[in-house]
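The structure appears right after this line, and notes come after that.
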Amino acid sequence: MKNIVLLTGITGYLGSYIASELVNRGDVVIGLKRSDSDLTRIKRIINKLILYDIDNVDYIYLFSQHQIDIIIHTATCYGRNGESPSEIFDSNLLFPMRLLEVAQSYNVAGFINSDTVSPRTLNNYSRSKKMFVEWGREFSINNKVKFINVIMEHMYGPGDSKSKFVSYILHSLYNNTPEISLTSGKQKRDFIYIADVISAYMVLVDGLHKLDEYYEDFELGSGQVIKIRDLVEVIHQLTKSSTILKFGDIPYRNNEIMHSQSDISLIKGLGWSPTITLDEGIKLMIKEDFK
């Protein structure tokens with residue numbers, strides 16, 4: 001049976017991949033975007049989407065026009081473009097909270113939230129994301145709305161923003177940037193390829209009715225960790241780069257996480273497992289980004 005899915009952040013990296021997969025499955029996708037959003041990522045499927053501008057739409061009107069089954073929330077504001085704390089707060093807390101409240105009024109079956117593994121003390125972005133989870137958890141339990149919170153590890157894949165760590169390193173090394181200043185690289189991180197992320201979201205969409213609790217956390221990653229230094233050296237080798245890697249040239253961030261690893265046992269219980277190794281994922285990025 002087709003789902004009618006309301007998807008926020010549809011023009012972003014994660015959102016566009018989710019939209020494509022839902023369309024391919026035959027689901028109906030209603031996307032929320034800004035009126036000035038860049039549509040490049042969804043141009044191949046844009047005629048198969050129903051789009052609304054969040055800066056113009058009335059949420060009650062939207063829900064009254066469509067019998068929405070599930071909301072997938074991927075929109076986020078990182079604060080990387082000079083946004084004020086209040087703008088970050090509005091995007092990452094007030095906006096999804098308004099959606100959740102209206103969804104409850106229209107008996108939407110569930111809300112799938114894209115959370116971050118970063119601790120709330122890291123910056124305004126992570127603080128606002130964690131605040132929404134706290135509010136969303138209480139609201140879902142009190143109002144009997146299923147709320148799935150996906151705690152995302154470090155997603156990577158072809159076509160991702162060059163501001164993201166893996167893409168930045170890959171493009172810099174492939175283009176033989178003379179040198180890159182790095183930390184000592186002892187942090188251990190869990191990286192998950194975009195295709196595995198998308199398959200996990202589809203498992204959650206299809207498994208929503210199987211969940212007994214109104215609120216559930218699902219950690220999402222590969223379940224494996226690698227030191228940042230080792231990752232960079234792997235990419236350096238695969239790209240045959242001449243770039244000089246200056247490990248230890250910059251200090252760790254305040255509140256730096258030294259070990260981040262997902263426990264994927266809960267989502268594996270719904271039938272999902274990652275299929276792309278880190279080495280395979282980097283090779284796929286090289287093939288797609290530099291073809």
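By order in the structure tokens, chains are A, B, ...; within a chain, residues start at 1; ligands start at 1, following the order shown.
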- Item | Long-range neighbours of region 145-153 of chain A as a PyMOL selection string, 10 Å cut-off, only C-alpha atoms, 4 positions minimum in chain | chain A and resi 70-73+100-101+103-104+107-118+133+136-141+189-192+197+200-201+204-205+208-209+211-223+260-262+267
- region 71-143 of chain A: residues DSSP assigns to strand (DSSP E or B), reported as a list in words: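 Taking region 71-143 of chain A and keeping strand (DSSP E or B) gives Ile71, Ile72, His73, Gly110, Phe111, Ile112, Asn113, Ser114, Asp115 and Thr116 of chain A.
Between Thr275 (chain A) and the residues A:Ser199, A:Asn81, A:Val225, A:Val57, the shortest atom-to-atom distance, using only C-alpha atoms, involves A:Ser199.
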With only C-alpha atoms as the counted atoms, please give the residues lying no more than 10 Å from Lys2 (chain A), apart from itself and same-chain residues fewer than 5 positions off, as a PDB file with N, CA and C atoms, in the first residue's frame.
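Dumped to result.pdb:
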```
ATOM      1  N   LEU A  22      11.582   6.957  -2.050  1.00  0.00           N
ATOM      2  CA  LEU A  22      10.135   6.860  -1.829  1.00  0.00           C
ATOM      3  C   LEU A  22       9.383   6.889  -3.158  1.00  0.00           C
ATOM      4  N   ARG A  25       9.636   3.663  -4.940  1.00  0.00           N
ATOM      5  CA  ARG A  25       8.791   2.638  -4.324  1.00  0.00           C
ATOM      6  C   ARG A  25       7.317   2.820  -4.652  1.00  0.00           C
ATOM      7  N   GLY A  26       6.966   3.982  -5.174  1.00  0.00           N
ATOM      8  CA  GLY A  26       5.575   4.255  -5.478  1.00  0.00           C
ATOM      9  C   GLY A  26       4.838   5.027  -4.405  1.00  0.00           C
ATOM     10  N   ASP A  27       5.560   5.508  -3.387  1.00  0.00           N
ATOM     11  CA  ASP A  27       4.929   6.323  -2.349  1.00  0.00           C
ATOM     12  C   ASP A  27       4.667   7.741  -2.868  1.00  0.00           C
ATOM     13  N   VAL A  28       3.724   8.420  -2.263  1.00  0.00           N
ATOM     14  CA  VAL A  28       3.425   9.808  -2.591  1.00  0.00           C
ATOM     15  C   VAL A  28       4.271  10.700  -1.682  1.00  0.00           C
ATOM     16  N   ASP A  69       0.343  10.103   6.037  1.00  0.00           N
ATOM     17  CA  ASP A  69       0.562   8.942   6.899  1.00  0.00           C
ATOM     18  C   ASP A  69       1.766   9.126   7.820  1.00  0.00           C
TER      19      ASP A  69
END
```
- Among the residues A:Ser37, A:Gln187, A:Gln224, A:Ser265, the one that comes closest to Arg253 (chain A) [using only C-alpha atoms]: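 Of A:Ser37, A:Gln187, A:Gln224, A:Ser265, the one nearest Arg253 (chain A), counting only C-alpha atoms, is A:Gln187.
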- Task: If you run DSSP over the backbone, which residues in region 162-269 of chain A end up alpha helix (DSSP H)? Put them as number ranges by chain.
- Result: A: 165-174, 194-207, 228-238, 265-268
Would you put the residues from that selection into a file with C-alpha atoms, as a PDB file, in the first residue's frame?
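Saved result, selection_18.pdb, follows:
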```pdb
ATOM      1  CA  PHE A 165      34.498  16.172   6.461  1.00  0.00           C
ATOM      2  CA  VAL A 166      34.733  13.142   4.170  1.00  0.00           C
ATOM      3  CA  SER A 167      33.846  15.131   1.047  1.00  0.00           C
ATOM      4  CA  TYR A 168      36.259  17.916   1.999  1.00  0.00           C
ATOM      5  CA  ILE A 169      39.131  15.473   2.512  1.00  0.00           C
ATOM      6  CA  LEU A 170      38.336  13.488  -0.634  1.00  0.00           C
ATOM      7  CA  HIS A 171      38.118  16.515  -2.923  1.00  0.00           C
ATOM      8  CA  SER A 172      41.206  18.124  -1.394  1.00  0.00           C
ATOM      9  CA  LEU A 173      43.276  14.979  -1.806  1.00  0.00           C
ATOM     10  CA  TYR A 174      41.961  14.141  -5.273  1.00  0.00           C
ATOM     11  CA  ILE A 194      24.271   7.168   2.125  1.00  0.00           C
ATOM     12  CA  ALA A 195      22.720   4.076   0.504  1.00  0.00           C
ATOM     13  CA  ASP A 196      22.735   2.297   3.861  1.00  0.00           C
ATOM     14  CA  VAL A 197      21.156   5.347   5.502  1.00  0.00           C
ATOM     15  CA  ILE A 198      18.336   5.348   2.955  1.00  0.00           C
ATOM     16  CA  SER A 199      17.643   1.635   3.307  1.00  0.00           C
ATOM     17  CA  ALA A 200      17.440   2.135   7.085  1.00  0.00           C
ATOM     18  CA  TYR A 201      14.861   4.913   6.717  1.00  0.00           C
ATOM     19  CA  MET A 202      12.748   2.678   4.471  1.00  0.00           C
ATOM     20  CA  VAL A 203      12.885  -0.095   7.081  1.00  0.00           C
ATOM     21  CA  LEU A 204      11.682   2.404   9.691  1.00  0.00           C
ATOM     22  CA  VAL A 205       8.869   3.645   7.459  1.00  0.00           C
ATOM     23  CA  ASP A 206       7.708   0.078   6.820  1.00  0.00           C
ATOM     24  CA  GLY A 207       8.223  -1.037  10.413  1.00  0.00           C
ATOM     25  CA  ILE A 228      40.194   9.950  11.734  1.00  0.00           C
ATOM     26  CA  ARG A 229      43.896   9.689  10.925  1.00  0.00           C
ATOM     27  CA  ASP A 230      43.452   6.194   9.492  1.00  0.00           C
ATOM     28  CA  LEU A 231      40.481   7.340   7.396  1.00  0.00           C
ATOM     29  CA  VAL A 232      42.408  10.256   5.920  1.00  0.00           C
ATOM     30  CA  GLU A 233      45.348   7.998   5.127  1.00  0.00           C
ATOM     31  CA  VAL A 234      43.051   5.491   3.408  1.00  0.00           C
ATOM     32  CA  ILE A 235      41.622   8.263   1.196  1.00  0.00           C
ATOM     33  CA  HIS A 236      45.152   9.580   0.577  1.00  0.00           C
ATOM     34  CA  GLN A 237      46.175   6.131  -0.671  1.00  0.00           C
ATOM     35  CA  LEU A 238      43.063   5.542  -2.791  1.00  0.00           C
ATOM     36  CA  SER A 265      21.169  -3.811  17.424  1.00  0.00           C
ATOM     37  CA  LEU A 266      17.714  -2.226  17.683  1.00  0.00           C
ATOM     38  CA  ILE A 267      17.347  -1.370  14.012  1.00  0.00           C
ATOM     39  CA  LYS A 268      18.908  -4.677  12.995  1.00  0.00           C
TER      40      LYS A 268
END
```
- What is the distance, in Å and to one decimal place, between CA of Lys162 (chain A) and CA of Tyr13 (chain A)?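 Atom-to-atom, CA of Lys162 (chain A) to CA of Tyr13 (chain A), that is 11.5 Å.
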- Item | Contacts of region 58-64 of chain A at 8 Å (only C-alpha atoms; same-chain gap of 4+ positions) as a list in words |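 These residues fall inside the cut-off: Ile68, Leu99, Val102, Ala103 and Tyr106 of chain A.
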- Item | Residue nearest Asp279 (chain A) - candidates A:Lys33, A:Lys48, A:Ile264, A:Thr239, atoms counted: only C-alpha atoms | A:Thr239
- Message: Report, in Å with one decimal, the straight-line distance from CA of Asn24 (chain A) to CA of Leu7 (chain A).
- Response: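 CA of Asn24 (chain A) sits 15.0 Å away from CA of Leu7 (chain A).
Nearest to Lys246 (chain A) of all the residues A:Lys283, A:Ser16, A:Lys210, A:Ile180 is A:Ile180, counting only C-alpha atoms.
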- Of the candidates A:Lys43, A:Lys144, A:Leu14, A:Gly9, which one gets nearest to Gly31 (chain A) if we count only C-alpha atoms?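 Closest to Gly31 (chain A) of all the choices is A:Gly9.
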